[in-house]
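> Next up is a structure, given as structure tokens.
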Amino acid sequence: MNAGEQRRVLGIDPGLAYVGWGVIAQDSRAGAGRASFRLIDCGCLQTTTNMPHAERLLHVFHGLGAVIAKHRPTAAAVEEVFQGKSPKSALLAGEGRGACILAAATHDLTVVEYPATVVKQAVTGNGRAVKQQVQSMVQRLLALDELPTPHHAADALAIAITHLQRGPRSGVVRG
């Protein structure tokens, strides 16, 4: 990367009821082995069970599309879905995840997937860290006064941090 360039990644905590998202930049001015993360924006998309199923998926797809159009990340990092509490909830989460991946791919983003244990390891140094440890490290790494709410947004930021630390070195935004 040349001076003035930055990597900008969209982290996605996928689902159908809640989709956390967070955009983080890493400046090229950061020295070797020294991360310099900057929060661009984060939030959470929400659907309700009284919405028709197809409308929920479309809401996730269009909502992430709007985030991508606004913040122009060049890569997306998505957490892999773990086994849900029931087959039906796992299927719904998987469908929401598919809408997230499709939104990123439709905007020509490289999509990289990370298991939860890799995200925990990258952010805390412990692949079995509890959610509070991950969120505390997100707050520290991004120098935030307070943690974003709901927790899905903080989880998405952890996924973006993981990609910036471990992912492919593509995805440069000039600015």
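Following the order of the structure tokens, chains are lettered A, B, ..., residues in each are numbered from 1, and ligands are numbered from 1.
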Contacts of Pro148 of chain A at 12 Å or less, counting only C-alpha atoms, minus same-chain residues fewer than 4 places along, as number ranges by chain?
A: 20-22, 39, 41-44, 135-136, 138-139, 142-144, 152-158
> List as number ranges by chain the protein and nucleic acid residues near Arg97 of chain A, meaning an atom at most 9 Å away when only C-alpha atoms are counted, but skip any in the same chain fewer than 6 places from it.
A: 12-16, 19, 78-81
> Select, from A:Ala17, A:Val130, A:Leu92, A:Ala160, the residue with the minimum atom-to-atom distance to Glu113 of chain A, counting only C-alpha atoms.
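Closest to Glu113 of chain A, using only C-alpha atoms: A:Ala160.
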> What are the DSSP strand (DSSP E or B) residues of segment 67-149 of chain A, as a ChimeraX atom specification?
/A:75-79,110-114
> From the list A:Pro115, A:Ala105, A:Ala54, A:Phe37, which residue is nearest Arg140 of chain A when using only C-alpha atoms?
A:Phe37
> Provide the atom CA of Gln46 of chain A to atom CA of Cys100 of chain A distance in Å, to one decimal place.
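Straight-line distance from atom CA of Gln46 of chain A to atom CA of Cys100 of chain A works out to 12.8 Å.
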> May I ask which of the residues A:Leu64, A:Thr110, A:Gly96, A:Thr117 is the closest one to Lys131 of chain A, counting only C-alpha atoms?
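The shortest atom-to-atom distance to Lys131 of chain A comes from A:Thr117.
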> Please identify every residue of segment 25-86 of chain A that has at least one atom no farther than 9 Å from an atom of segment 164-167 of chain A, counting only C-alpha atoms, and for each give the shortest atom pair and the distance in Å to one decimal, arranged by chain then increasing number, as CSV.

residue,atom,partner,partner_atom,distance
A:Ala25,CA,A:Leu164,CA,8.4
A:Gln26,CA,A:Leu164,CA,7.2
A:Ala35,CA,A:Gln165,CA,7.8
A:Phe37,CA,A:Leu164,CA,8.6
A:Ala77,CA,A:Gly167,CA,8.7
> Restricting the calculation to only C-alpha atoms: of A:Leu147, A:Met51, A:Ala93, A:Ile24, which residue gets closest to Ala75 of chain A?
A:Ile24
> How many Å lie between atom CA of Pro150 of chain A and atom CA of Gln132 of chain A, rounded to one decimal?
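A separation of 12.8 Å between them.
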